[in-house]
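Q: CSV, C-alpha atoms and all ligand atoms, saved as run.csv, coming up:
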chain,number,residue,atom,x,y,z
A,1256,MET,CA,8.8,33.0,-16.2
A,1257,PRO,CA,9.8,33.3,-12.5
A,1258,ARG,CA,10.4,29.9,-10.9
A,1259,ALA,CA,8.1,30.6,-7.9
A,1260,TYR,CA,5.1,30.7,-10.3
A,1261,HIS,CA,5.2,26.9,-10.6
A,1262,ARG,CA,5.4,26.2,-6.9
A,1263,PRO,CA,2.5,24.2,-5.6
A,1264,CYS,CA,0.3,25.7,-2.8
A,1265,THR,CA,1.2,24.6,0.7
A,1266,ASP,CA,-1.7,26.4,2.4
A,1267,ILE,CA,-3.8,24.0,4.5
A,1268,ALA,CA,-6.8,26.4,4.8
A,1269,GLU,CA,-6.9,26.8,1.0
A,1270,PHE,CA,-6.8,23.0,0.5
A,1271,GLN,CA,-9.6,22.7,3.1
A,1272,ARG,CA,-11.8,25.2,1.3
A,1273,LEU,CA,-11.2,23.3,-2.0
A,1274,LEU,CA,-12.0,20.0,-0.5
A,1275,LYS,CA,-15.2,21.3,1.0
A,1276,HIS,CA,-16.5,22.2,-2.4
A,1277,SER,CA,-15.3,19.0,-4.1
A,1278,ASP,CA,-17.6,16.3,-5.1
A,1279,ARG,CA,-15.3,13.8,-6.8
A,1280,VAL,CA,-12.1,12.9,-5.0
A,1281,LEU,CA,-9.5,10.3,-6.0
A,1282,ALA,CA,-6.7,9.1,-3.7
A,1283,LEU,CA,-3.7,7.1,-4.5
A,1284,CYS,CA,-1.9,5.7,-1.4
A,1285,GLY,CA,1.5,4.0,-1.0
A,1286,ALA,CA,3.7,2.6,1.7
A,1287,GLY,CA,4.3,6.0,3.3
A,1288,LEU,CA,0.7,6.0,4.6
A,1289,SER,CA,1.6,3.0,6.7
A,1290,ALA,CA,5.0,4.3,7.7
A,1291,ALA,CA,3.7,5.8,11.0
A,1292,SER,CA,2.2,2.4,11.8
A,1293,GLY,CA,5.8,1.0,11.8
A,1294,LEU,CA,5.7,-0.7,8.4
A,1295,PRO,CA,8.7,-0.2,6.2
A,1296,THR,CA,8.5,1.4,2.8
A,1297,PHE,CA,9.9,-0.3,-0.3
A,1298,ARG,CA,12.3,2.3,-1.6
A,1299,GLY,CA,14.8,4.5,0.3
A,1300,ALA,CA,15.5,3.9,4.0
A,1301,GLY,CA,13.9,0.7,5.1
A,1302,GLY,CA,13.9,-0.7,1.6
A,1303,LEU,CA,16.5,-3.3,2.4
A,1304,TRP,CA,15.7,-6.7,3.9
A,1305,ARG,CA,18.6,-8.8,4.9
A,1306,ASN,CA,20.8,-7.0,2.3
A,1307,HIS,CA,18.1,-7.7,-0.4
A,1308,GLN,CA,16.3,-4.9,-2.1
A,1309,ALA,CA,12.7,-5.4,-1.1
A,1310,THR,CA,11.7,-4.9,-4.7
A,1311,SER,CA,14.0,-7.6,-5.9
A,1312,LEU,CA,12.1,-10.2,-3.8
A,1313,ALA,CA,8.7,-9.1,-5.3
A,1314,THR,CA,8.9,-11.1,-8.5
A,1315,PRO,CA,7.8,-14.5,-9.7
A,1316,GLU,CA,11.4,-15.2,-10.8
A,1317,ALA,CA,12.7,-14.6,-7.3
A,1318,PHE,CA,10.0,-17.0,-5.9
A,1319,LYS,CA,10.9,-19.7,-8.5
A,1320,LYS,CA,14.6,-19.3,-7.7
A,1321,ASP,CA,14.3,-19.3,-3.9
A,1322,PRO,CA,10.7,-19.8,-2.6
A,1323,ALA,CA,11.9,-20.2,1.0
A,1324,LEU,CA,13.6,-16.7,1.0
A,1325,VAL,CA,10.7,-15.0,-0.7
A,1326,TRP,CA,8.2,-16.7,1.7
A,1327,LEU,CA,10.3,-15.6,4.7
A,1328,PHE,CA,10.2,-12.0,3.5
A,1329,TYR,CA,6.4,-12.1,3.0
A,1330,ALA,CA,5.9,-14.0,6.2
A,1331,TRP,CA,7.7,-11.3,8.0
A,1332,ARG,CA,5.7,-8.6,6.3
A,1333,ARG,CA,2.5,-10.4,7.2
A,1334,HIS,CA,3.7,-10.6,10.8
A,1335,MET,CA,4.5,-6.9,10.8
A,1336,ALA,CA,1.2,-6.0,9.3
A,1337,LEU,CA,-0.7,-8.1,11.9
A,1338,GLN,CA,1.3,-6.4,14.7
A,1339,ALA,CA,0.7,-2.9,13.3
A,1340,LYS,CA,-2.3,-0.7,14.1
A,1341,PRO,CA,-3.9,1.6,11.6
A,1342,ASN,CA,-2.7,5.2,12.1
A,1343,ALA,CA,-4.6,8.5,12.1
A,1344,GLY,CA,-4.0,8.8,8.4
A,1345,HIS,CA,-5.9,5.6,7.7
A,1346,TYR,CA,-8.7,6.7,10.0
A,1347,ALA,CA,-8.9,10.1,8.3
A,1348,LEU,CA,-9.2,8.6,4.9
A,1349,ALA,CA,-11.8,6.0,6.1
A,1350,GLU,CA,-13.8,8.9,7.5
A,1351,LEU,CA,-13.5,11.0,4.4
A,1352,ALA,CA,-14.9,8.0,2.5
A,1353,LYS,CA,-18.0,8.1,4.7
A,1354,HIS,CA,-18.5,11.9,4.2
A,1355,ASN,CA,-17.6,12.3,0.5
A,1356,LYS,CA,-20.3,11.4,-2.0
A,1357,ASP,CA,-18.0,10.2,-4.7
A,1358,PHE,CA,-14.7,9.1,-3.3
A,1359,MET,CA,-12.4,6.4,-4.7
A,1360,CYS,CA,-9.3,5.4,-2.8
A,1361,LEU,CA,-6.7,3.3,-4.7
A,1362,THR,CA,-4.1,1.8,-2.4
A,1363,GLN,CA,-0.9,0.1,-3.4
A,1364,ASN,CA,-0.6,-1.2,0.1
A,1365,VAL,CA,-1.3,-4.9,0.8
A,1366,ASP,CA,-1.2,-4.6,4.6
A,1367,GLY,CA,-5.0,-4.4,5.2
A,1368,LEU,CA,-4.6,-1.3,7.5
A,1369,SER,CA,-7.2,0.8,5.6
A,1370,GLN,CA,-9.8,-1.9,6.0
A,1371,ARG,CA,-9.0,-2.3,9.7
A,1372,ALA,CA,-9.6,1.5,10.0
A,1373,GLY,CA,-13.1,0.9,8.7
A,1374,HIS,CA,-12.6,2.2,5.1
A,1375,SER,CA,-15.7,1.3,3.2
A,1376,PRO,CA,-14.8,-1.6,0.7
A,1377,ASP,CA,-17.0,0.1,-1.9
A,1378,MET,CA,-14.6,3.1,-2.0
A,1379,LEU,CA,-11.3,1.2,-1.7
A,1380,ARG,CA,-9.4,-0.8,-4.3
A,1381,MET,CA,-6.4,-2.8,-3.4
A,1382,LEU,CA,-4.4,-2.4,-6.6
A,1383,HIS,CA,-1.7,-4.8,-5.6
A,1384,GLY,CA,-3.8,-7.4,-3.8
A,1385,ASN,CA,-3.9,-8.5,-0.2
A,1386,ILE,CA,-0.9,-10.0,1.6
A,1387,PHE,CA,-3.2,-12.2,3.7
A,1388,ASP,CA,-4.6,-13.9,0.6
A,1389,VAL,CA,-2.8,-17.1,-0.3
A,1390,LYS,CA,-3.0,-18.5,-3.8
A,1391,CYS,CA,-1.5,-21.2,-5.9
A,1392,PHE,CA,1.8,-20.4,-7.8
A,1393,ASP,CA,0.6,-22.5,-10.7
A,1394,LYS,CA,-1.1,-20.1,-13.2
A,1395,GLU,CA,-3.3,-23.0,-14.4
A,1396,CYS,CA,-4.8,-23.4,-10.9
A,1397,ASP,CA,-7.3,-20.9,-9.5
A,1398,TYR,CA,-7.0,-21.9,-5.8
A,1399,ILE,CA,-7.1,-18.9,-3.5
A,1400,GLU,CA,-7.7,-18.7,0.2
A,1401,PRO,CA,-8.8,-15.2,1.1
A,1402,ASN,CA,-7.6,-13.5,4.3
A,1403,ASN,CA,-5.7,-16.2,6.0
A,1404,LEU,CA,-4.5,-14.5,9.2
A,1405,SER,CA,-2.4,-17.4,10.6
A,1406,ASP,CA,0.8,-16.2,12.0
A,1407,PRO,CA,3.0,-18.1,11.4
A,1408,LEU,CA,1.4,-19.4,8.2
A,1409,CYS,CA,3.1,-22.8,8.7
A,1410,PRO,CA,5.7,-24.1,11.2
A,1411,ALA,CA,8.6,-23.7,8.8
A,1412,LEU,CA,7.9,-19.9,8.6
A,1413,ALA,CA,7.9,-19.4,12.4
A,1414,PRO,CA,11.3,-17.5,12.3
A,1415,ALA,CA,9.4,-14.7,10.6
A,1416,SER,CA,6.9,-14.5,13.4
A,1417,GLU,CA,9.2,-14.6,16.4
A,1418,ARG,CA,8.5,-12.4,19.3
A,1419,TYR,CA,11.7,-10.6,20.6
A,1420,PRO,CA,12.5,-8.0,23.2
A,1421,ALA,CA,12.0,-4.4,22.0
A,1422,ASP,CA,15.7,-3.5,22.3
A,1423,GLN,CA,16.8,-6.4,20.1
A,1424,THR,CA,16.8,-7.1,16.4
A,1425,MET,CA,14.7,-10.1,15.2
A,1426,PRO,CA,17.4,-12.8,14.4
A,1427,LEU,CA,15.8,-13.2,10.9
A,1428,LEU,CA,16.6,-9.5,10.1
A,1429,ASP,CA,20.3,-9.8,11.0
A,1430,PRO,CA,22.1,-10.4,7.7
A,1431,THR,CA,25.2,-11.6,9.5
A,1432,LYS,CA,23.2,-14.6,10.7
A,1433,PRO,CA,22.4,-17.4,8.1
A,1434,THR,CA,18.9,-17.5,6.6
A,1435,PRO,CA,16.9,-20.3,8.3
A,1436,LYS,CA,17.1,-23.4,6.1
A,1437,ILE,CA,13.6,-24.4,4.9
A,1438,LYS,CA,13.0,-27.4,2.8
A,1439,ARG,CA,10.6,-26.9,-0.2
A,1440,GLU,CA,8.3,-29.7,1.2
A,1441,ASP,CA,7.9,-27.7,4.4
A,1442,LEU,CA,6.6,-24.6,2.6
A,1443,PRO,CA,2.8,-24.2,2.1
A,1444,HIS,CA,1.4,-26.3,-0.7
A,1445,CYS,CA,-1.7,-26.0,-2.8
A,1446,PRO,CA,-4.4,-28.4,-1.6
A,1447,THR,CA,-6.1,-28.5,-5.0
A,1448,CYS,CA,-2.9,-29.4,-6.9
A,1449,LYS,CA,-2.0,-31.9,-4.2
A,1450,ALA,CA,-5.4,-33.7,-4.8
A,1451,ALA,CA,-4.5,-33.8,-8.5
A,1452,GLY,CA,-1.1,-35.3,-7.7
A,1453,LYS,CA,0.9,-32.1,-8.2
A,1454,THR,CA,3.3,-30.4,-5.8
A,1455,SER,CA,2.6,-26.7,-6.5
A,1456,LEU,CA,3.5,-24.2,-3.9
A,1457,LEU,CA,1.2,-21.5,-2.5
A,1458,ARG,CA,2.3,-17.9,-2.7
A,1459,PRO,CA,1.1,-14.6,-1.3
A,1460,GLY,CA,-2.0,-13.3,-3.1
A,1461,ILE,CA,-0.4,-10.0,-4.2
A,1462,VAL,CA,0.8,-8.5,-7.5
A,1463,TRP,CA,4.5,-8.9,-8.2
A,1464,PHE,CA,6.6,-7.0,-10.7
A,1465,GLY,CA,5.9,-8.3,-14.2
A,1466,GLU,CA,2.4,-9.4,-13.3
A,1467,ALA,CA,-0.8,-7.8,-14.4
A,1468,LEU,CA,-3.3,-6.2,-12.0
A,1469,ASP,CA,-6.8,-7.5,-11.8
A,1470,SER,CA,-8.4,-6.5,-15.1
A,1471,ASP,CA,-12.0,-6.2,-13.8
A,1472,MET,CA,-10.8,-3.9,-11.0
A,1473,LEU,CA,-8.8,-1.8,-13.5
A,1474,LYS,CA,-11.9,-1.5,-15.8
A,1475,GLU,CA,-14.0,-0.4,-12.8
A,1476,VAL,CA,-11.4,2.3,-11.8
A,1477,ASP,CA,-11.0,3.5,-15.3
A,1478,ALA,CA,-14.8,3.9,-15.6
A,1479,TRP,CA,-14.8,5.9,-12.3
A,1480,VAL,CA,-12.1,8.2,-13.6
A,1481,ALA,CA,-13.8,8.6,-17.0
A,1482,LYS,CA,-17.1,9.8,-15.6
A,1483,PRO,CA,-18.1,13.1,-17.4
A,1484,ARG,CA,-18.4,15.0,-14.1
A,1485,GLY,CA,-14.5,15.1,-14.0
A,1486,ILE,CA,-12.4,14.8,-10.8
A,1487,ASP,CA,-11.9,17.8,-8.4
A,1488,ILE,CA,-9.0,16.6,-6.3
A,1489,MET,CA,-6.5,13.8,-6.5
A,1490,LEU,CA,-4.6,13.0,-3.3
A,1491,VAL,CA,-1.2,11.3,-3.8
A,1492,ILE,CA,-0.3,10.0,-0.4
A,1493,GLY,CA,3.0,8.4,0.7
A,1494,THR,CA,4.0,7.0,-2.6
A,1495,ALA,CA,7.1,7.3,-4.7
A,1496,ALA,CA,4.7,6.9,-7.7
A,1497,ALA,CA,7.3,4.8,-9.4
A,1498,VAL,CA,5.1,1.7,-10.2
A,1499,TYR,CA,2.6,1.6,-13.1
A,1500,PRO,CA,-0.3,1.5,-13.8
A,1501,ALA,CA,-0.8,3.1,-10.3
A,1502,ALA,CA,1.5,6.0,-11.0
A,1503,GLY,CA,-0.4,6.8,-14.2
A,1504,TYR,CA,-3.6,7.8,-12.4
A,1505,THR,CA,-2.2,11.2,-11.6
A,1506,ASP,CA,-2.0,12.2,-15.2
A,1507,ALA,CA,-5.4,10.6,-15.9
A,1508,ALA,CA,-7.0,12.6,-13.1
A,1509,ARG,CA,-5.3,15.8,-14.2
A,1510,LYS,CA,-6.8,15.3,-17.7
A,1511,LYS,CA,-10.2,15.1,-15.9
A,1512,GLY,CA,-9.5,18.5,-14.3
A,1513,ALA,CA,-8.2,17.4,-11.0
A,1514,ARG,CA,-5.9,19.5,-8.8
A,1515,ILE,CA,-3.2,17.2,-7.4
A,1516,ALA,CA,-2.3,17.3,-3.7
A,1517,VAL,CA,0.9,15.4,-2.8
A,1518,ILE,CA,1.5,14.4,0.8
A,1519,ASN,CA,5.0,13.2,1.3
A,1520,PRO,CA,7.9,14.2,3.5
A,1521,ASP,CA,10.3,13.7,0.6
A,1522,ARG,CA,10.5,17.0,-1.3
A,1523,SER,CA,11.3,15.3,-4.6
A,1524,ALA,CA,7.7,14.0,-4.6
A,1525,GLN,CA,6.5,17.4,-5.6
A,1526,LYS,CA,8.2,17.1,-9.0
A,1527,GLY,CA,5.8,17.9,-11.9
A,1528,LEU,CA,3.3,19.9,-9.7
A,1529,THR,CA,2.1,23.3,-10.8
A,1530,SER,CA,0.8,26.3,-9.0
A,1531,ARG,CA,-2.7,24.8,-9.3
A,1532,ASP,CA,-1.6,21.9,-7.1
A,1533,PHE,CA,-0.8,21.4,-3.5
A,1534,TYR,CA,2.2,19.9,-1.7
A,1535,PHE,CA,2.3,19.0,2.0
A,1536,GLU,CA,5.8,18.0,3.2
A,1537,ALA,CA,4.6,15.9,6.1
A,1538,ASP,CA,3.9,12.6,7.7
A,1539,ALA,CA,0.5,11.4,6.3
A,1540,ALA,CA,-0.6,10.3,9.7
A,1541,GLU,CA,-0.2,13.8,11.0
A,1542,ILE,CA,-1.4,15.9,8.2
A,1543,LEU,CA,-4.4,14.0,6.7
A,1544,PRO,CA,-6.6,14.5,9.8
A,1545,LYS,CA,-5.8,18.3,9.6
A,1546,LEU,CA,-6.4,18.5,5.8
A,1547,PHE,CA,-9.9,16.8,6.2
A,1548,GLU,CA,-10.8,18.4,9.5
A,1549,GLY,CA,-13.5,20.7,8.0
A,1550,ILE,CA,-15.3,17.6,6.7
A,1551,ILE,CA,-14.6,14.8,9.1
A,1552,GLY,CA,-14.2,16.7,12.4
A,1553,LYS,CA,-12.0,14.9,14.8
A,1554,PRO,CA,-12.5,11.1,14.3
A,1555,GLU,CA,-12.0,8.9,17.3
A,1556,ILE,CA,-9.0,6.7,17.1
A,1557,PRO,CA,-9.2,3.4,19.1
A,1558,GLY,CA,-6.6,3.5,21.9
A,1559,GLN,CA,-5.9,7.2,21.5
A,1560,ALA,CA,-7.0,9.9,23.9
A,1561,ALA,CA,-9.2,12.6,22.2
B,1,LIG,P1,7.8,3.4,-1.9
B,1,LIG,O1,8.6,2.7,-0.8
B,1,LIG,O2,8.3,3.3,-3.3
B,1,LIG,O3,7.5,4.9,-1.6
B,1,LIG,C1,7.1,5.3,-0.3
B,1,LIG,C2,6.9,6.8,-0.3
B,1,LIG,O4,6.4,7.2,0.9
B,1,LIG,C3,8.2,7.6,-0.5
B,1,LIG,O5,8.0,8.6,-1.5
B,1,LIG,C4,8.4,8.2,0.9
B,1,LIG,O6,9.1,9.5,0.8
B,1,LIG,C5,7.0,8.4,1.4
B,1,LIG,N1,6.9,8.4,2.8
B,1,LIG,C6,7.7,7.8,3.8
B,1,LIG,N2,7.3,8.1,5.0
B,1,LIG,C7,6.1,8.8,4.9
B,1,LIG,C8,5.1,9.3,5.8
B,1,LIG,N3,5.3,9.1,7.1
B,1,LIG,N4,4.1,9.9,5.3
B,1,LIG,C9,3.9,10.1,3.9
B,1,LIG,N5,4.8,9.6,3.0
B,1,LIG,C10,5.9,9.0,3.5
B,1,LIG,O7,6.3,2.7,-1.8
B,1,LIG,P2,5.2,2.7,-2.9
B,1,LIG,O8,5.2,4.0,-3.7
B,1,LIG,O9,3.9,2.4,-2.1
B,1,LIG,O10,4.5,-3.1,-5.2
B,1,LIG,O11,5.6,1.5,-3.8
B,1,LIG,C11,4.7,1.1,-4.8
B,1,LIG,C12,4.8,-0.3,-5.0
B,1,LIG,O12,6.2,-0.7,-5.2
B,1,LIG,C13,4.4,-1.2,-3.8
B,1,LIG,O13,3.0,-1.4,-3.8
B,1,LIG,C14,5.1,-2.5,-4.1
B,1,LIG,C15,6.4,-1.9,-4.4
B,1,LIG,O14,7.3,-2.7,-5.0
B,1,LIG,C16,4.5,-4.4,-5.3
B,1,LIG,O15,5.0,-5.1,-4.5
B,1,LIG,C17,3.9,-4.9,-6.6
Using structure tokens, write down the structure that the file contains.
A:
Amino acid sequence: MPRAYHRPCTDIAEFQRLLKHSDRVLALCGAGLSAASGLPTFRGAGGLWRNHQATSLATPEAFKKDPALVWLFYAWRRHMALQAKPNAGHYALAELAKHNKDFMCLTQNVDGLSQRAGHSPDMLRMLHGNIFDVKCFDKECDYIEPNNLSDPLCPALAPASERYPADQTMPLLDPTKPTPKIKREDLPHCPTCKAAGKTSLLRPGIVWFGEALDSDMLKEVDAWVAKPRGIDIMLVIGTAAAVYPAAGYTDAARKKGARIAVINPDRSAQKGLTSRDFYFEADAAEILPKLFEGIIGKPEIPGQAA
């Protein structure tokens, strides 16, 4: 069979026509959606933080071993997310959620930018949690403080929130400089455990490698996917699709009849697509508004001229 037969479609107008006639749309978003907002992705360029692989810091074991280092990493990501603004891709998805009757957006991003773009919470599931939630590291304790936007979170983590001239590197990011020394007692502690005479640390309220996703949320998403009506389109936006269960939704949607549309500037992301599918080799912030234009028009983006 000729190779070209398997190539996914790259025609924007054809995608727009399909979307217009679609009732049930699923989206899976990853770090690439927030790349144009200046937030680094996890893998590939930008995946290193002070010579550490970002993914190697995202584990309970890393936190147990060096809670100050892991907190500095997440304090910096919190700071970056607070400084960042949602981009045109976030606004386009939020607008699509308003226009599409049955739309479900699964995001692996913990940065809160989709919410800040006005994405309806009913149509958005944060698979990996929210970086602004702070919870107790002790599994026996259910303390959680939702959406703590303090920056820095505590005085000891101030090096991750430093303001610095645009032409300079934040000292914390320079691996030739020593990591700020932070004593365990100066890291954020759980108030509930403290009252019980324990000294448990607080940690970011996100899902780390080796941890389970919220089971109620997964049940809800599975029920949405399983609906008899099937799924018309699944958008796979800015994700390396390397982390499960998130990455597994593409196959699940395909089984429900979905045509897959991958939006990713890295051509290797089109692996496994067929001629029924779509591939857009582009920055999500640039192409999503175009792909949805026939439905959402030209949404207004705060701070941007029309
Ligand atoms: P990755 O860093 O693995 O992948 C980001 C993807 O975005 C890559 O495929 C890039 O090619 C693509 N990309 C980069 N810039 C883009 C742009 N402007 N527009 C569109 N795409 C772009 O990030 P995720 O797939 O989100 O989990 O990673 C999944 C999970 O692994 C994260 O949620 C995190 C991480 O470890 C946890 O922390 C549990």
Q: Could you pull the residues within 6 Å of range 1362-1368 of chain A, counting only C-alpha atoms, minus those fewer than 4 positions along the same chain, as a PyMOL selection string?
A: chain A and resi 1283-1286+1336+1341+1381-1386
Q: Could you state the separation of CA of Ala1372 in chain A and CA of His1345 in chain A in Å, given to one decimal place?
A: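 Interatomic distance, CA of Ala1372 in chain A to CA of His1345 in chain A: 6.0 Å.
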Q: Determine, using only C-alpha atoms and all ligand atoms, which residues of chain A have any atom at most 7 Å from an atom of ligand LIG 1 (chain B), and tabulate each with its shortest atom pair and distance in Å to one decimal place, rows ordered by chain and then rising number, as a Markdown table.
A:
| residue | atom | partner | partner_atom | distance |
| --- | --- | --- | --- | --- |
| A:Cys1284 | CA | B:LIG1 | O9 | 6.7 |
| A:Gly1285 | CA | B:LIG1 | O9 | 3.1 |
| A:Ala1286 | CA | B:LIG1 | O9 | 3.8 |
| A:Gly1287 | CA | B:LIG1 | C10 | 3.4 |
| A:Leu1288 | CA | B:LIG1 | N4 | 5.2 |
| A:Ala1290 | CA | B:LIG1 | N3 | 4.8 |
| A:Ala1291 | CA | B:LIG1 | N3 | 5.4 |
| A:Thr1296 | CA | B:LIG1 | O1 | 3.8 |
| A:Phe1297 | CA | B:LIG1 | O1 | 3.3 |
| A:Arg1298 | CA | B:LIG1 | O1 | 3.8 |
| A:Gly1299 | CA | B:LIG1 | O1 | 6.5 |
| A:Gly1302 | CA | B:LIG1 | O1 | 6.7 |
| A:Thr1310 | CA | B:LIG1 | O14 | 4.9 |
| A:Ala1313 | CA | B:LIG1 | O15 | 5.5 |
| A:Gln1363 | CA | B:LIG1 | O13 | 4.2 |
| A:Asn1364 | CA | B:LIG1 | O13 | 5.3 |
| A:His1383 | CA | B:LIG1 | C17 | 5.7 |
| A:Val1462 | CA | B:LIG1 | C17 | 4.8 |
| A:Trp1463 | CA | B:LIG1 | C17 | 4.3 |
| A:Phe1464 | CA | B:LIG1 | C17 | 5.3 |
| A:Ile1492 | CA | B:LIG1 | C9 | 6.0 |
| A:Gly1493 | CA | B:LIG1 | N5 | 3.2 |
| A:Thr1494 | CA | B:LIG1 | O8 | 3.4 |
| A:Ala1495 | CA | B:LIG1 | O5 | 3.6 |
| A:Ala1496 | CA | B:LIG1 | O8 | 5.0 |
| A:Ala1497 | CA | B:LIG1 | O8 | 6.1 |
| A:Val1498 | CA | B:LIG1 | C11 | 5.4 |
| A:Ile1518 | CA | B:LIG1 | C9 | 5.8 |
| A:Asn1519 | CA | B:LIG1 | N5 | 4.0 |
| A:Pro1520 | CA | B:LIG1 | O6 | 5.6 |
| A:Asp1521 | CA | B:LIG1 | O6 | 4.4 |
| A:Ala1524 | CA | B:LIG1 | O5 | 6.2 |
| A:Ala1537 | CA | B:LIG1 | N4 | 6.1 |
| A:Asp1538 | CA | B:LIG1 | N4 | 3.6 |
| A:Ala1539 | CA | B:LIG1 | N4 | 4.0 |
| A:Ala1540 | CA | B:LIG1 | N4 | 6.5 |
Q: Emit the selected residues as a PDB file, in the coordinates of the input, including C-alpha atoms.
A:
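The resulting file, out_2.pdb, is reproduced below:
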ATOM      1  CA  CYS A1284      -1.900   5.700  -1.400  1.00  0.00           C
ATOM      2  CA  GLY A1285       1.500   4.000  -1.000  1.00  0.00           C
ATOM      3  CA  ALA A1286       3.700   2.600   1.700  1.00  0.00           C
ATOM      4  CA  GLY A1287       4.300   6.000   3.300  1.00  0.00           C
ATOM      5  CA  LEU A1288       0.700   6.000   4.600  1.00  0.00           C
ATOM      6  CA  ALA A1290       5.000   4.300   7.700  1.00  0.00           C
ATOM      7  CA  ALA A1291       3.700   5.800  11.000  1.00  0.00           C
ATOM      8  CA  THR A1296       8.500   1.400   2.800  1.00  0.00           C
ATOM      9  CA  PHE A1297       9.900  -0.300  -0.300  1.00  0.00           C
ATOM     10  CA  ARG A1298      12.300   2.300  -1.600  1.00  0.00           C
ATOM     11  CA  GLY A1299      14.800   4.500   0.300  1.00  0.00           C
ATOM     12  CA  GLY A1302      13.900  -0.700   1.600  1.00  0.00           C
ATOM     13  CA  THR A1310      11.700  -4.900  -4.700  1.00  0.00           C
ATOM     14  CA  ALA A1313       8.700  -9.100  -5.300  1.00  0.00           C
ATOM     15  CA  GLN A1363      -0.900   0.100  -3.400  1.00  0.00           C
ATOM     16  CA  ASN A1364      -0.600  -1.200   0.100  1.00  0.00           C
ATOM     17  CA  HIS A1383      -1.700  -4.800  -5.600  1.00  0.00           C
ATOM     18  CA  VAL A1462       0.800  -8.500  -7.500  1.00  0.00           C
ATOM     19  CA  TRP A1463       4.500  -8.900  -8.200  1.00  0.00           C
ATOM     20  CA  PHE A1464       6.600  -7.000 -10.700  1.00  0.00           C
ATOM     21  CA  ILE A1492      -0.300  10.000  -0.400  1.00  0.00           C
ATOM     22  CA  GLY A1493       3.000   8.400   0.700  1.00  0.00           C
ATOM     23  CA  THR A1494       4.000   7.000  -2.600  1.00  0.00           C
ATOM     24  CA  ALA A1495       7.100   7.300  -4.700  1.00  0.00           C
ATOM     25  CA  ALA A1496       4.700   6.900  -7.700  1.00  0.00           C
ATOM     26  CA  ALA A1497       7.300   4.800  -9.400  1.00  0.00           C
ATOM     27  CA  VAL A1498       5.100   1.700 -10.200  1.00  0.00           C
ATOM     28  CA  ILE A1518       1.500  14.400   0.800  1.00  0.00           C
ATOM     29  CA  ASN A1519       5.000  13.200   1.300  1.00  0.00           C
ATOM     30  CA  PRO A1520       7.900  14.200   3.500  1.00  0.00           C
ATOM     31  CA  ASP A1521      10.300  13.700   0.600  1.00  0.00           C
ATOM     32  CA  ALA A1524       7.700  14.000  -4.600  1.00  0.00           C
ATOM     33  CA  ALA A1537       4.600  15.900   6.100  1.00  0.00           C
ATOM     34  CA  ASP A1538       3.900  12.600   7.700  1.00  0.00           C
ATOM     35  CA  ALA A1539       0.500  11.400   6.300  1.00  0.00           C
ATOM     36  CA  ALA A1540      -0.600  10.300   9.700  1.00  0.00           C
TER      37      ALA A1540
END
Q: For Ala1478 in chain A, find every residue with an atom within 12 Å (counting all atoms listed in the file), except residues of its own chain fewer than 6 positions away, and show them as a list in words.
A: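 The residues that qualify are Met1359, Asp1471, Met1472, Arg1484, Gly1485, Ala1507 and Ala1508 of chain A.
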Q: Quick one: contact table of range 1473-1526 of chain A to range 1544-1547 of chain A, 12 Å max, nearest atom pair and distance in Å to one decimal per residue, counting all atoms listed in the file, chain and number order, as a Markdown table?
A:
| residue | atom | partner | partner_atom | distance |
| --- | --- | --- | --- | --- |
| A:Leu1490 | CA | A:Leu1546 | CA | 10.8 |
| A:Ala1516 | CA | A:Leu1546 | CA | 10.4 |
| A:Val1517 | CA | A:Leu1546 | CA | 11.7 |
| A:Ile1518 | CA | A:Leu1546 | CA | 10.2 |
